$ cat start27.cif   # mmCIF, C-alpha atoms
data_query
#
loop_
_atom_site.label_atom_id
_atom_site.label_comp_id
_atom_site.auth_asym_id
_atom_site.auth_seq_id
_atom_site.Cartn_x
_atom_site.Cartn_y
_atom_site.Cartn_z
CA MET A 1 -16.37 -6.29 -6.17
CA GLY A 2 -14.36 -8.56 -3.91
CA GLU A 3 -12.66 -11.90 -3.81
CA GLY A 4 -13.61 -14.22 -6.63
CA ALA A 5 -15.37 -11.50 -8.59
CA VAL A 6 -13.09 -12.11 -11.54
CA ASP A 7 -12.26 -15.67 -12.58
CA GLY A 8 -8.65 -16.60 -13.29
CA GLY A 9 -6.94 -17.06 -9.92
CA THR A 10 -7.31 -20.81 -9.72
CA GLY A 11 -4.84 -23.57 -10.44
CA PRO A 12 -5.37 -26.72 -12.51
CA GLY A 13 -7.07 -28.58 -9.65
CA GLY A 14 -9.39 -25.70 -8.88
CA ASP A 15 -7.23 -24.49 -5.98
CA ILE A 16 -7.19 -20.75 -5.44
CA ARG A 17 -3.66 -19.58 -6.26
CA ALA A 18 -4.14 -15.81 -6.12
CA ILE A 19 -6.66 -13.34 -4.80
CA LEU A 20 -7.39 -9.67 -5.29
CA HIS A 21 -9.70 -7.82 -2.95
CA PHE A 22 -11.16 -4.47 -3.97
CA VAL A 23 -13.03 -1.96 -1.84
CA PRO A 24 -15.49 0.67 -3.06
CA TRP A 25 -13.99 3.98 -4.15
CA GLY A 26 -16.51 6.76 -4.60
CA THR A 27 -19.73 5.93 -6.40
CA ASP A 28 -18.29 4.16 -9.44
CA GLY A 29 -14.78 3.09 -8.53
CA ILE A 30 -12.86 0.34 -6.79
CA SER A 31 -9.50 0.40 -5.07
CA LEU A 32 -7.18 -2.56 -4.69
CA ASP A 33 -7.07 -3.38 -1.00
CA LEU A 34 -5.31 -6.74 -0.91
CA MET A 35 -3.27 -8.73 -3.42
CA ARG A 36 -1.96 -12.18 -2.54
CA ARG A 37 -0.42 -14.96 -4.62
CA ASP A 38 0.75 -18.46 -3.76
CA HIS A 39 4.55 -18.26 -3.91
CA GLU A 40 4.63 -21.33 -6.13
CA ALA A 41 2.14 -19.85 -8.61
CA ASP A 42 3.19 -18.05 -11.78
CA PRO A 43 4.39 -14.52 -10.89
CA GLY A 44 2.20 -13.10 -13.68
CA LEU A 45 -0.99 -14.36 -12.06
CA ASN A 46 -1.66 -11.08 -10.21
CA ASP A 47 -1.11 -9.20 -13.48
CA LEU A 48 -3.64 -11.48 -15.19
CA LEU A 49 -6.21 -10.89 -12.45
CA ILE A 50 -5.76 -7.12 -12.71
CA VAL A 51 -6.18 -7.20 -16.48
CA LYS A 52 -9.31 -9.37 -16.12
CA THR A 53 -10.66 -6.91 -13.53
CA LEU A 54 -10.01 -3.96 -15.83
CA GLN A 55 -11.77 -5.79 -18.68
CA ALA A 56 -14.79 -6.64 -16.49
CA ALA A 57 -15.01 -3.20 -14.84
CA PRO A 58 -17.32 -1.47 -17.39
CA SER A 59 -19.89 -4.28 -17.28
CA LEU A 60 -19.90 -4.01 -13.48
CA GLY A 61 -20.54 -0.25 -13.55
CA VAL A 62 -16.97 0.52 -12.48
CA SER A 63 -15.32 3.44 -14.27
CA MET A 64 -12.29 4.00 -11.99
CA VAL A 65 -9.82 1.43 -10.68
CA SER A 66 -7.05 2.37 -8.26
CA LEU A 67 -4.27 -0.20 -7.97
CA ASN A 68 -1.75 0.76 -5.32
CA PHE A 69 -0.49 3.89 -3.69
CA ALA A 70 3.01 4.30 -5.16
CA MET A 71 4.75 6.49 -2.61
CA PHE A 72 7.38 8.90 -4.03
CA ARG A 73 6.59 7.78 -7.58
CA ALA A 74 7.66 11.05 -9.14
CA ALA A 75 11.04 10.99 -7.40
CA LEU A 76 11.64 7.42 -8.58
CA ALA A 77 10.64 8.24 -12.17
CA ARG A 78 12.80 11.36 -12.38
CA GLY A 79 15.71 9.97 -10.37
CA GLU A 80 16.35 7.06 -12.70
CA ARG A 81 16.52 9.27 -15.82
CA LEU A 82 19.78 10.22 -17.47
CA GLY A 83 20.72 13.76 -16.56
CA ALA A 84 19.11 13.70 -13.12
CA GLY A 85 20.91 16.10 -10.78
CA PRO A 86 22.97 14.95 -7.80
CA ILE A 87 20.27 15.70 -5.20
CA LEU A 88 17.61 13.84 -7.16
CA ARG A 89 19.99 10.91 -7.74
CA ALA A 90 20.78 10.82 -3.99
CA TRP A 91 17.06 10.86 -3.11
CA TYR A 92 16.48 8.09 -5.67
CA GLY A 93 19.29 6.07 -4.04
CA VAL A 94 17.73 6.50 -0.60
CA LEU A 95 14.34 5.35 -1.90
CA VAL A 96 15.83 2.30 -3.62
CA PHE A 97 17.72 1.48 -0.39
CA LEU A 98 14.53 1.81 1.70
CA SER A 99 12.76 -0.44 -0.81
CA ARG A 100 14.60 -3.36 0.77
CA TRP A 101 12.20 -3.05 3.72
CA PHE A 102 9.28 -1.06 2.33
CA GLN A 103 7.60 -1.70 -1.02
CA ILE A 104 8.42 1.68 -2.53
CA GLU A 105 10.15 0.91 -5.81
CA SER A 106 8.43 -2.44 -6.41
CA LEU A 107 4.91 -0.90 -6.14
CA TYR A 108 5.92 1.88 -8.50
CA ARG A 109 7.29 -0.58 -11.08
CA PHE A 110 4.32 -2.93 -10.69
CA ASN A 111 1.82 -0.11 -11.25
CA ALA A 112 3.81 1.36 -14.16
CA LYS A 113 3.24 -1.84 -16.17
CA PHE A 114 -0.43 -0.89 -16.49
CA GLN A 115 0.34 2.63 -17.78
CA PRO A 116 -1.95 4.31 -15.26
CA LEU A 117 -3.03 7.89 -15.04
CA TRP A 118 -0.86 8.96 -12.09
CA LYS A 119 -2.68 11.25 -9.68
CA PRO A 120 -0.68 12.90 -6.92
CA ARG A 121 -1.73 12.57 -3.29
CA PHE A 122 -1.00 15.19 -0.72
CA LEU A 123 -0.58 15.09 3.02
CA VAL A 124 -2.12 18.00 4.91
CA TYR A 125 -1.12 18.38 8.53
CA PRO A 126 -1.66 21.03 11.20
CA ALA A 127 1.95 21.41 12.42
CA ALA A 128 5.37 19.94 11.68
CA ARG A 129 5.50 18.43 15.17
CA ASP A 130 2.59 16.15 14.13
CA LEU A 131 4.52 14.56 11.24
CA PRO A 132 6.19 11.72 13.22
CA ARG A 133 2.82 10.62 14.66
CA ILE A 134 1.13 10.94 11.26
CA GLY A 135 3.98 9.04 9.59
CA MET A 136 3.75 6.19 12.10
CA SER A 137 -0.04 6.04 11.65
CA ALA A 138 0.34 5.91 7.85
CA LEU A 139 2.97 3.15 8.09
CA GLN A 140 0.65 1.16 10.36
CA ALA A 141 -2.36 1.71 8.08
CA GLU A 142 -0.38 0.43 5.08
CA ALA A 143 0.85 -2.55 7.17
CA PHE A 144 4.50 -1.60 6.77
CA ILE A 145 4.91 -1.82 10.54
CA SER A 146 2.95 -3.44 13.35
CA LEU A 147 3.04 -2.08 16.86
CA ARG A 148 1.01 -4.79 18.57
CA LEU A 149 1.77 -4.76 22.27
CA PRO A 150 1.62 -7.90 24.42
CA GLU A 151 -1.69 -8.04 26.33
CA VAL A 152 0.05 -7.65 29.69
CA VAL A 153 1.69 -4.41 28.50
CA SER A 154 -1.61 -3.17 27.05
CA ARG A 155 -3.38 -3.79 30.39
CA ARG A 156 -0.62 -1.96 32.28
CA ILE A 157 -0.77 1.05 29.93
CA ARG A 158 -4.57 1.07 30.13
CA SER A 159 -4.41 1.13 33.94
CA LEU A 160 -2.31 4.30 33.79
CA LEU A 161 -4.85 6.13 31.62
CA PRO A 162 -7.67 8.30 32.99
CA ALA A 163 -10.90 6.30 33.44
CA ARG A 164 -12.62 7.95 30.43
CA LEU A 165 -9.88 6.64 28.10
CA ARG A 166 -9.56 3.10 29.49
CA THR A 167 -12.17 1.67 27.17
CA SER A 168 -10.17 2.66 24.07
CA ARG A 169 -8.37 -0.21 22.37
CA ILE A 170 -4.59 -0.01 22.60
CA PRO A 171 -2.90 -2.13 19.92
#
$ encode --input "start27.cif" --output "structure tokens"
Amino acid sequence: MGEGAVDGGTGPGGDIRAILHFVPWGTDGISLDLMRRDHEADPGLNDLLIVKTLQAAPSLGVSMVSLNFAMFRAALARGERLGAGPILRAWYGVLVFLSRWFQIESLYRFNAKFQPLWKPRFLVYPAARDLPRIGMSALQAEAFISLRLPEVVSRRIRSLLPARLRTSRIP
């Protein structure tokens, strides 16, 4: 299932106003990879496309649909409750603050509208010293940050590498 697989993202003149792109997930699932909407289109258009996708899924042989990875979802859900302790409230505040730059709270709230079955994800790593590198890689993979180097810098860095590594692409 990919772009255009579910009708409903077009405007009155037939212009495409929103697009959802799904990638395969296992043998019978799809995972939302990309979600874009024309800023002048109705904000509910993405919601409509998701609902249409969920309705069409069984006839397409799809039994699982993953929307978005909602990082720190449990902390957000518990932190906004009455009676949350001071540490949890502080962590919630930090996450809401970081949501100004990273889509942490907004993805959680967007996904919550569809009443999903939340499944935790875990990060397994060999040593604590690897966490900064893993964190940067995850942020790049989710397109939260881009570390594209100018070509002249990339060439200079490549020239400093051993010959066997020079063919590797440096972003």
$ axis_aligned_box --input "start27.cif" --around "region 30-41 of chain A" --padding-each-side "5 Å" --output "AutoDock Vina command-line options"
--center_x -4.1 --center_y -10.5 --center_z -4.8 --size_x 27.5 --size_y 31.7 --size_z 17.7
$ resolve_selection --input "start27.cif" --expression "the PyMOL selection byres ((chain A and resi 36) around 8)" --output "ChimeraX atom specification"
/A:18-20,34-35,37-38,46
$ write_last_selection --input "start27.cif" --atoms "C-alpha atoms" --output "mmCIF file, keeping the file's coordinate frame"
data_model
loop_
_atom_site.group_PDB
_atom_site.id
_atom_site.type_symbol
_atom_site.label_atom_id
_atom_site.label_comp_id
_atom_site.auth_asym_id
_atom_site.auth_seq_id
_atom_site.Cartn_x
_atom_site.Cartn_y
_atom_site.Cartn_z
ATOM 1 C CA ALA A 18 -4.140 -15.810 -6.120
ATOM 2 C CA ILE A 19 -6.660 -13.340 -4.800
ATOM 3 C CA LEU A 20 -7.390 -9.670 -5.290
ATOM 4 C CA LEU A 34 -5.310 -6.740 -0.910
ATOM 5 C CA MET A 35 -3.270 -8.730 -3.420
ATOM 6 C CA ARG A 37 -0.420 -14.960 -4.620
ATOM 7 C CA ASP A 38 0.750 -18.460 -3.760
ATOM 8 C CA ASN A 46 -1.660 -11.080 -10.210
#
$ resolve_selection --input "start27.cif" --expression "the PyMOL selection byres ((chain A and resi 75-80) around 9)" --output "list in words"
Phe72, Arg73, Ala74, Arg81, Leu82, Gly83, Ala84, Gly85, Ile87, Leu88, Arg89, Ala90, Trp91, Tyr92, Gly93, Leu95, Val96, Ile104, Glu105 and Tyr108 of chain A
$ write_last_selection --input "start27.cif" --atoms "C-alpha atoms" --output "CSV table (one decimal), keeping the file's coordinate frame"
chain,number,residue,atom,x,y,z
A,72,PHE,CA,7.4,8.9,-4.0
A,73,ARG,CA,6.6,7.8,-7.6
A,74,ALA,CA,7.7,11.0,-9.1
A,81,ARG,CA,16.5,9.3,-15.8
A,82,LEU,CA,19.8,10.2,-17.5
A,83,GLY,CA,20.7,13.8,-16.6
A,84,ALA,CA,19.1,13.7,-13.1
A,85,GLY,CA,20.9,16.1,-10.8
A,87,ILE,CA,20.3,15.7,-5.2
A,88,LEU,CA,17.6,13.8,-7.2
A,89,ARG,CA,20.0,10.9,-7.7
A,90,ALA,CA,20.8,10.8,-4.0
A,91,TRP,CA,17.1,10.9,-3.1
A,92,TYR,CA,16.5,8.1,-5.7
A,93,GLY,CA,19.3,6.1,-4.0
A,95,LEU,CA,14.3,5.4,-1.9
A,96,VAL,CA,15.8,2.3,-3.6
A,104,ILE,CA,8.4,1.7,-2.5
A,105,GLU,CA,10.2,0.9,-5.8
A,108,TYR,CA,5.9,1.9,-8.5
$ closest_residue --input "start27.cif" --among "A:Phe102, A:Phe114, A:Phe97, A:Trp25" --to "Ser63 (chain A)" --atoms "all atoms listed in the file"
A:Trp25
$ resolve_selection --input "start27.cif" --expression "the PyMOL selection byres ((chain A and resi 24) around 12)" --output "PyMOL selection string"
chain A and resi 1-2+21-23+25-33+61-66
$ atom_distance --input "start27.cif" --atom1 "CA of Gln55 (chain A)" --atom2 "CA of Asn111 (chain A)"
16.5 Å
$ atom_distance --input "start27.cif" --atom1 "CA of Ser106 (chain A)" --atom2 "CA of Tyr125 (chain A)"
27.3 Å
$ atom_distance --input "start27.cif" --atom1 "CA of Pro132 (chain A)" --atom2 "CA of Ser159 (chain A)"
25.6 Å
$ closest_residue --input "start27.cif" --among "A:Asp42, A:Lys113, A:Phe122, A:Trp101" --to "Met71 (chain A)" --atoms "only C-alpha atoms"
A:Phe122
$ closest_residue --input "start27.cif" --among "A:Ile157, A:Leu67, A:Asp130, A:Arg17" --to "Leu117 (chain A)" --atoms "all atoms listed in the file"
A:Leu67
$ closest_residue --input "start27.cif" --among "A:Asn68, A:Asp47, A:Glu40, A:Ile16" --to "Trp118 (chain A)" --atoms "all atoms listed in the file"
A:Asn68
$ build_atoms --input "start27.cif" --residues "region 111-122 of chain A" --atoms "N, CA and C atoms" --output "PDB file, in the frame of the given file"
ATOM      1  N   ASN A 111       2.894  -0.960 -10.726  1.00  0.00           N
ATOM      2  CA  ASN A 111       1.820  -0.110 -11.250  1.00  0.00           C
ATOM      3  C   ASN A 111       2.145   0.421 -12.643  1.00  0.00           C
ATOM      4  N   ALA A 112       3.408   0.768 -12.881  1.00  0.00           N
ATOM      5  CA  ALA A 112       3.810   1.360 -14.160  1.00  0.00           C
ATOM      6  C   ALA A 112       3.525   0.433 -15.331  1.00  0.00           C
ATOM      7  N   LYS A 113       3.522  -0.880 -15.094  1.00  0.00           N
ATOM      8  CA  LYS A 113       3.240  -1.840 -16.170  1.00  0.00           C
ATOM      9  C   LYS A 113       1.868  -1.615 -16.796  1.00  0.00           C
ATOM     10  N   PHE A 114       0.941  -1.075 -16.017  1.00  0.00           N
ATOM     11  CA  PHE A 114      -0.430  -0.890 -16.490  1.00  0.00           C
ATOM     12  C   PHE A 114      -0.663   0.494 -17.081  1.00  0.00           C
ATOM     13  N   GLN A 115       0.393   1.285 -17.215  1.00  0.00           N
ATOM     14  CA  GLN A 115       0.340   2.630 -17.780  1.00  0.00           C
ATOM     15  C   GLN A 115      -0.833   3.438 -17.210  1.00  0.00           C
ATOM     16  N   PRO A 116      -0.815   3.617 -15.883  1.00  0.00           N
ATOM     17  CA  PRO A 116      -1.950   4.310 -15.260  1.00  0.00           C
ATOM     18  C   PRO A 116      -1.888   5.818 -15.456  1.00  0.00           C
ATOM     19  N   LEU A 117      -2.981   6.447 -15.130  1.00  0.00           N
ATOM     20  CA  LEU A 117      -3.030   7.890 -15.040  1.00  0.00           C
ATOM     21  C   LEU A 117      -2.619   8.202 -13.600  1.00  0.00           C
ATOM     22  N   TRP A 118      -1.392   8.704 -13.427  1.00  0.00           N
ATOM     23  CA  TRP A 118      -0.860   8.960 -12.090  1.00  0.00           C
ATOM     24  C   TRP A 118      -1.525  10.220 -11.527  1.00  0.00           C
ATOM     25  N   LYS A 119      -2.076  10.101 -10.344  1.00  0.00           N
ATOM     26  CA  LYS A 119      -2.680  11.250  -9.680  1.00  0.00           C
ATOM     27  C   LYS A 119      -1.948  11.455  -8.357  1.00  0.00           C
ATOM     28  N   PRO A 120      -1.426  12.667  -8.164  1.00  0.00           N
ATOM     29  CA  PRO A 120      -0.680  12.900  -6.920  1.00  0.00           C
ATOM     30  C   PRO A 120      -1.603  12.894  -5.701  1.00  0.00           C
ATOM     31  N   ARG A 121      -1.036  12.498  -4.576  1.00  0.00           N
ATOM     32  CA  ARG A 121      -1.730  12.570  -3.290  1.00  0.00           C
ATOM     33  C   ARG A 121      -0.929  13.522  -2.414  1.00  0.00           C
ATOM     34  N   PHE A 122      -1.635  14.209  -1.577  1.00  0.00           N
ATOM     35  CA  PHE A 122      -1.000  15.190  -0.720  1.00  0.00           C
ATOM     36  C   PHE A 122      -1.315  14.891   0.736  1.00  0.00           C
TER      37      PHE A 122
END
